[in-house]
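Content type mmCIF, C-alpha atoms, from the file start_27.cif:
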data_target
loop_
_atom_site.group_PDB
_atom_site.id
_atom_site.type_symbol
_atom_site.label_atom_id
_atom_site.label_comp_id
_atom_site.auth_asym_id
_atom_site.auth_seq_id
_atom_site.Cartn_x
_atom_site.Cartn_y
_atom_site.Cartn_z
ATOM 1 C CA ASP A 8 -56.501 -180.793 58.415
ATOM 2 C CA PRO A 9 -60.153 -180.768 57.291
ATOM 3 C CA LYS A 10 -59.314 -182.460 53.993
ATOM 4 C CA GLU A 11 -57.649 -185.424 55.700
ATOM 5 C CA LYS A 12 -59.980 -185.200 58.720
ATOM 6 C CA THR A 13 -57.078 -185.213 61.147
ATOM 7 C CA ALA A 14 -56.018 -183.056 64.050
ATOM 8 C CA ALA A 15 -52.771 -182.870 65.954
ATOM 9 C CA ILE A 16 -52.070 -182.303 69.615
ATOM 10 C CA LEU A 17 -49.013 -180.303 70.571
ATOM 11 C CA SER A 18 -48.079 -179.475 74.135
ATOM 12 C CA ILE A 19 -45.979 -176.424 74.873
ATOM 13 C CA PRO A 20 -44.387 -176.168 78.328
ATOM 14 C CA ARG A 21 -46.238 -173.452 80.256
ATOM 15 C CA ASP A 22 -43.021 -171.796 81.395
ATOM 16 C CA LEU A 23 -41.417 -171.634 77.940
ATOM 17 C CA TYR A 24 -39.949 -168.145 77.536
ATOM 18 C CA VAL A 25 -41.117 -166.747 74.186
ATOM 19 C CA PRO A 26 -41.580 -163.481 72.320
ATOM 20 C CA ILE A 27 -45.131 -162.207 72.847
ATOM 21 C CA PRO A 28 -45.975 -160.085 69.791
ATOM 22 C CA GLY A 29 -46.064 -156.433 70.785
ATOM 23 C CA TYR A 30 -45.326 -157.171 74.474
ATOM 24 C CA GLY A 31 -41.686 -158.253 74.713
ATOM 25 C CA HIS A 32 -40.809 -161.660 76.090
ATOM 26 C CA GLY A 33 -42.451 -163.754 78.782
ATOM 27 C CA LYS A 34 -43.667 -167.185 79.713
ATOM 28 C CA ILE A 35 -46.035 -168.524 77.091
ATOM 29 C CA ASN A 36 -48.832 -168.893 79.630
ATOM 30 C CA SER A 37 -48.666 -165.132 80.268
ATOM 31 C CA SER A 38 -49.650 -164.420 76.660
ATOM 32 C CA HIS A 39 -53.273 -165.222 77.526
ATOM 33 C CA SER A 40 -53.457 -162.860 80.511
ATOM 34 C CA THR A 41 -51.667 -160.164 78.502
ATOM 35 C CA GLY A 42 -54.216 -160.597 75.715
ATOM 36 C CA VAL A 43 -57.059 -160.285 78.212
ATOM 37 C CA GLN A 44 -55.510 -157.211 79.833
ATOM 38 C CA TYR A 45 -54.997 -155.452 76.498
ATOM 39 C CA LYS A 46 -58.056 -156.845 74.712
ATOM 40 C CA GLU A 47 -58.657 -153.657 72.705
ATOM 41 C CA ASP A 48 -55.239 -154.052 71.073
ATOM 42 C CA THR A 49 -54.902 -157.846 70.979
ATOM 43 C CA GLY A 50 -58.413 -159.139 70.337
ATOM 44 C CA GLY A 51 -58.310 -161.010 73.650
ATOM 45 C CA GLY A 52 -56.387 -163.777 75.385
ATOM 46 C CA PRO A 53 -56.978 -166.589 72.891
ATOM 47 C CA GLU A 54 -56.099 -164.350 69.943
ATOM 48 C CA LEU A 55 -52.751 -163.335 71.455
ATOM 49 C CA VAL A 56 -52.009 -166.958 72.366
ATOM 50 C CA LYS A 57 -52.695 -168.018 68.764
ATOM 51 C CA GLU A 58 -50.423 -165.251 67.467
ATOM 52 C CA THR A 59 -47.686 -166.141 69.978
ATOM 53 C CA VAL A 60 -47.778 -169.866 69.216
ATOM 54 C CA SER A 61 -47.928 -169.177 65.490
ATOM 55 C CA GLY A 62 -44.804 -167.047 65.816
ATOM 56 C CA ILE A 63 -42.736 -169.636 67.672
ATOM 57 C CA LEU A 64 -43.816 -172.530 65.435
ATOM 58 C CA ASP A 65 -43.865 -170.570 62.185
ATOM 59 C CA LEU A 66 -47.222 -172.181 61.442
ATOM 60 C CA PRO A 67 -50.673 -170.639 61.261
ATOM 61 C CA ILE A 68 -52.889 -171.432 64.245
ATOM 62 C CA HIS A 69 -56.422 -171.353 62.909
ATOM 63 C CA TYR A 70 -58.511 -172.165 65.969
ATOM 64 C CA TYR A 71 -58.490 -172.438 69.713
ATOM 65 C CA ILE A 72 -60.520 -174.484 72.158
ATOM 66 C CA ARG A 73 -60.478 -173.468 75.817
ATOM 67 C CA ALA A 74 -62.121 -175.560 78.547
ATOM 68 C CA ASP A 75 -62.453 -174.835 82.231
ATOM 69 C CA PHE A 76 -61.794 -177.395 84.954
ATOM 70 C CA ALA A 77 -65.452 -177.832 85.917
ATOM 71 C CA GLY A 78 -66.414 -178.637 82.339
ATOM 72 C CA PHE A 79 -63.492 -181.044 82.015
ATOM 73 C CA GLU A 80 -64.645 -182.972 85.091
ATOM 74 C CA ARG A 81 -68.341 -182.920 84.131
ATOM 75 C CA LEU A 82 -67.643 -184.107 80.578
ATOM 76 C CA ILE A 83 -65.604 -187.085 81.777
ATOM 77 C CA ASP A 84 -68.253 -187.989 84.344
ATOM 78 C CA LYS A 85 -71.046 -187.685 81.745
ATOM 79 C CA ILE A 86 -69.339 -190.132 79.360
ATOM 80 C CA GLY A 87 -68.905 -192.611 82.210
ATOM 81 C CA GLY A 88 -65.252 -191.951 82.993
ATOM 82 C CA ILE A 89 -62.187 -192.811 80.981
ATOM 83 C CA THR A 90 -59.597 -195.561 81.071
ATOM 84 C CA VAL A 91 -55.917 -194.713 80.920
ATOM 85 C CA ASN A 92 -52.746 -196.709 81.376
ATOM 86 C CA VAL A 93 -50.708 -195.093 84.135
ATOM 87 C CA ASP A 94 -47.171 -196.110 83.268
ATOM 88 C CA ARG A 95 -45.642 -194.912 86.530
ATOM 89 C CA ALA A 96 -47.322 -194.410 89.913
ATOM 90 C CA ILE A 97 -47.692 -190.781 90.987
ATOM 91 C CA SER A 98 -47.426 -189.624 94.574
ATOM 92 C CA ASP A 99 -47.907 -185.863 94.786
ATOM 93 C CA PRO A 100 -47.956 -184.603 98.392
ATOM 94 C CA PHE A 101 -48.255 -181.001 97.179
ATOM 95 C CA TYR A 102 -51.370 -181.207 95.009
ATOM 96 C CA PRO A 103 -53.317 -178.012 95.830
ATOM 97 C CA ASP A 104 -56.608 -178.232 97.687
ATOM 98 C CA GLU A 105 -59.795 -176.707 96.262
ATOM 99 C CA GLU A 106 -59.262 -173.379 98.021
ATOM 100 C CA MET A 107 -55.643 -173.198 96.767
ATOM 101 C CA GLU A 108 -54.612 -172.562 100.381
ATOM 102 C CA GLY A 109 -53.163 -175.924 101.332
ATOM 103 C CA TYR A 110 -52.558 -179.383 99.977
ATOM 104 C CA GLU A 111 -54.639 -182.431 99.188
ATOM 105 C CA PRO A 112 -52.113 -185.198 98.452
ATOM 106 C CA PHE A 113 -52.772 -187.129 95.254
ATOM 107 C CA TYR A 114 -51.751 -190.725 94.610
ATOM 108 C CA ILE A 115 -52.465 -193.013 91.685
ATOM 109 C CA SER A 116 -50.948 -196.443 91.148
ATOM 110 C CA SER A 117 -49.529 -197.694 87.876
ATOM 111 C CA GLY A 118 -51.510 -199.854 85.484
ATOM 112 C CA SER A 119 -54.869 -199.533 83.769
ATOM 113 C CA GLN A 120 -57.041 -197.091 85.713
ATOM 114 C CA ASN A 121 -60.671 -196.054 85.323
ATOM 115 C CA LEU A 122 -60.818 -192.339 86.113
ATOM 116 C CA ASN A 123 -63.755 -190.137 86.985
ATOM 117 C CA GLY A 124 -63.582 -186.424 86.193
ATOM 118 C CA GLU A 125 -62.022 -185.355 89.490
ATOM 119 C CA THR A 126 -59.278 -187.980 89.373
ATOM 120 C CA ALA A 127 -58.585 -187.354 85.677
ATOM 121 C CA LEU A 128 -58.098 -183.641 86.409
ATOM 122 C CA LYS A 129 -55.656 -184.428 89.215
ATOM 123 C CA TYR A 130 -53.817 -186.900 86.975
ATOM 124 C CA ALA A 131 -53.582 -184.245 84.248
ATOM 125 C CA ARG A 132 -52.504 -181.388 86.535
ATOM 126 C CA SER A 133 -50.125 -183.112 88.983
ATOM 127 C CA ARG A 134 -46.608 -181.820 88.475
ATOM 128 C CA GLU A 135 -44.766 -181.989 91.754
ATOM 129 C CA THR A 136 -43.146 -185.415 91.375
ATOM 130 C CA THR A 137 -42.865 -185.608 87.576
ATOM 131 C CA SER A 138 -41.677 -183.350 84.779
ATOM 132 C CA ASP A 139 -43.623 -180.902 82.605
ATOM 133 C CA PHE A 140 -43.053 -183.321 79.733
ATOM 134 C CA ASP A 141 -44.692 -186.141 81.721
ATOM 135 C CA ARG A 142 -47.605 -183.857 82.549
ATOM 136 C CA ALA A 143 -48.039 -182.866 78.879
ATOM 137 C CA ARG A 144 -48.014 -186.536 77.869
ATOM 138 C CA ARG A 145 -50.664 -187.332 80.501
ATOM 139 C CA GLN A 146 -52.832 -184.450 79.289
ATOM 140 C CA GLN A 147 -52.624 -185.728 75.725
ATOM 141 C CA GLN A 148 -53.402 -189.246 76.936
ATOM 142 C CA ILE A 149 -56.536 -187.974 78.673
ATOM 143 C CA LEU A 150 -57.700 -185.961 75.645
ATOM 144 C CA LEU A 151 -57.383 -189.037 73.431
ATOM 145 C CA ALA A 152 -59.223 -191.172 76.010
ATOM 146 C CA ILE A 153 -62.049 -188.592 76.124
ATOM 147 C CA LYS A 154 -62.282 -188.606 72.322
ATOM 148 C CA ASP A 155 -62.359 -192.409 72.188
ATOM 149 C CA LYS A 156 -64.974 -192.689 74.924
ATOM 150 C CA ALA A 157 -67.145 -189.804 73.695
ATOM 151 C CA THR A 158 -67.276 -191.161 70.154
ATOM 152 C CA GLY A 159 -67.977 -194.695 71.361
ATOM 153 C CA LEU A 160 -71.234 -196.336 70.401
ATOM 154 C CA GLY A 161 -72.896 -195.970 73.810
ATOM 155 C CA ASN A 162 -72.513 -192.197 73.834
ATOM 156 C CA LEU A 163 -73.395 -191.386 70.242
ATOM 157 C CA THR A 164 -76.576 -193.457 70.203
ATOM 158 C CA ASN A 165 -78.077 -192.014 73.387
ATOM 159 C CA PRO A 166 -79.982 -188.767 72.626
ATOM 160 C CA LYS A 167 -80.123 -187.763 76.319
ATOM 161 C CA LYS A 168 -76.371 -188.219 76.702
ATOM 162 C CA ILE A 169 -75.713 -186.231 73.513
ATOM 163 C CA THR A 170 -77.898 -183.391 74.813
ATOM 164 C CA ASP A 171 -76.143 -183.449 78.193
ATOM 165 C CA ILE A 172 -72.692 -183.435 76.555
ATOM 166 C CA LEU A 173 -73.646 -180.516 74.307
ATOM 167 C CA SER A 174 -74.907 -178.609 77.350
ATOM 168 C CA ILE A 175 -71.618 -179.178 79.190
ATOM 169 C CA LEU A 176 -69.650 -178.102 76.136
ATOM 170 C CA GLY A 177 -71.766 -174.968 75.723
ATOM 171 C CA ASP A 178 -71.349 -173.965 79.353
ATOM 172 C CA HIS A 179 -67.644 -174.724 79.816
ATOM 173 C CA ILE A 180 -65.844 -174.630 76.482
ATOM 174 C CA ARG A 181 -65.022 -171.656 74.290
ATOM 175 C CA THR A 182 -63.750 -171.836 70.734
ATOM 176 C CA ASP A 183 -63.541 -169.742 67.604
ATOM 177 C CA MET A 184 -64.501 -172.696 65.388
ATOM 178 C CA GLN A 185 -67.828 -172.468 63.627
ATOM 179 C CA ILE A 186 -70.362 -175.311 63.913
ATOM 180 C CA ASP A 187 -69.883 -176.336 60.276
ATOM 181 C CA GLU A 188 -66.096 -176.466 60.781
ATOM 182 C CA MET A 189 -66.556 -178.733 63.817
ATOM 183 C CA ASN A 190 -68.920 -180.947 61.842
ATOM 184 C CA GLN A 191 -66.361 -181.251 59.019
ATOM 185 C CA MET A 192 -63.728 -182.441 61.475
ATOM 186 C CA MET A 193 -66.043 -184.939 63.151
ATOM 187 C CA SER A 194 -67.524 -186.457 60.000
#

Encoded form (structure tokens):
Amino acid sequence: DPKEKTAAILSIPRDLYVPIPGYGHGKINSSHSTGVQYKEDTGGGPELVKETVSGILDLPIHYYIRADFAGFERLIDKIGGITVNVDRAISDPFYPDEEMEGYEPFYISSGSQNLNGETALKYARSRETTSDFDRARRQQQILLAIKDKATGLGNLTNPKKITDILSILGDHIRTDMQIDEMNQMMS
């Protein structure tokens, strides 16, 4: 809401079975790949996702922001890590390794934790020993921690850090928001 200068975070379970406009029904996460596959008709993956989510919520979805894993990790590392409160220890013996061919077990204890980019990504993605709802809550927790840390005094007053953050964002994040729209939300 640009007038109130607020934004909301909503997590939708990736396996939620929904109508995909013009393409029948499927898991919501397939709406992106369908949009990419039929880009000429859909406008692309993000556009079909926006249309799909808008249809199930009966609300207009004005913008999207899409980040890749490398950018997620680099951004967190550039701002000096984040602090989150892990309410319940996670022991995930089936966390996938980098090649997606085997496993690299992931463990994090409960309590206040300082996370670098790699650990934050694992914390956000782990799903083997918790529910999709827990995972969505952790992802929201991380996004809020990134916002708090990135807008903290030490990051906004350091021109080199600002330049580095903007470079990471430019290389790893895609959005349909215009610069002036982003500025309105941030000011």

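One distance worth recording is that between atom CA of A:Arg81 and atom CA of A:Pro112, which is 21.8 Å.
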
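With all atoms listed in the file as the atoms that count, the minimum distance from A:Ala77 to the choices A:Ala143, A:Ile153, A:Leu128, A:Leu122 is reached by A:Leu128.
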
- Query: Could you write out as a list in words the residues that the PyMOL selection byres ((chain A and resi 18) around 9) matches in the shown file?
  - Reply: Ile16, Leu17, Ile19, Pro20, Arg21, Phe140, Ala143, Arg144, Gln146 and Gln147 of chain A

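Counting from atom CA of A:Ala131, the distance to atom CA of A:Ile169 is 24.7 Å.
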
- Item | Selection result of the PyMOL selection byres ((chain A and resi 42-56) around 10) on this file, as an MDAnalysis selection string | chainID A and resid 27:30 35:41 57:62 68:73 181:183

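Proximity to A:Asp141 was assessed for A:Glu125, A:Asp94, A:Asp155, A:Glu111 counting all atoms listed in the file; the smallest distance is recorded for A:Asp94.
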
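As for atom CA of A:Asn92 and atom CA of A:Glu135, they are spaced 19.7 Å apart.
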
- Message: Need the shell around A:Gly87: protein/DNA/RNA residues with any atom at most 12 Å away, counting only C-alpha atoms. Skip same-chain ones fewer than 2 positions apart. Format as an MDAnalysis selection string?
- Response: chainID A and resid 80:85 89:90 121:124 152:153 155:157 159 161:162 168 172

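Among A:Lys34, A:Leu23, A:Thr126, A:Ile86, the residue with the shortest atom-to-atom distance to A:Thr170, counting all atoms listed in the file, is A:Ile86.
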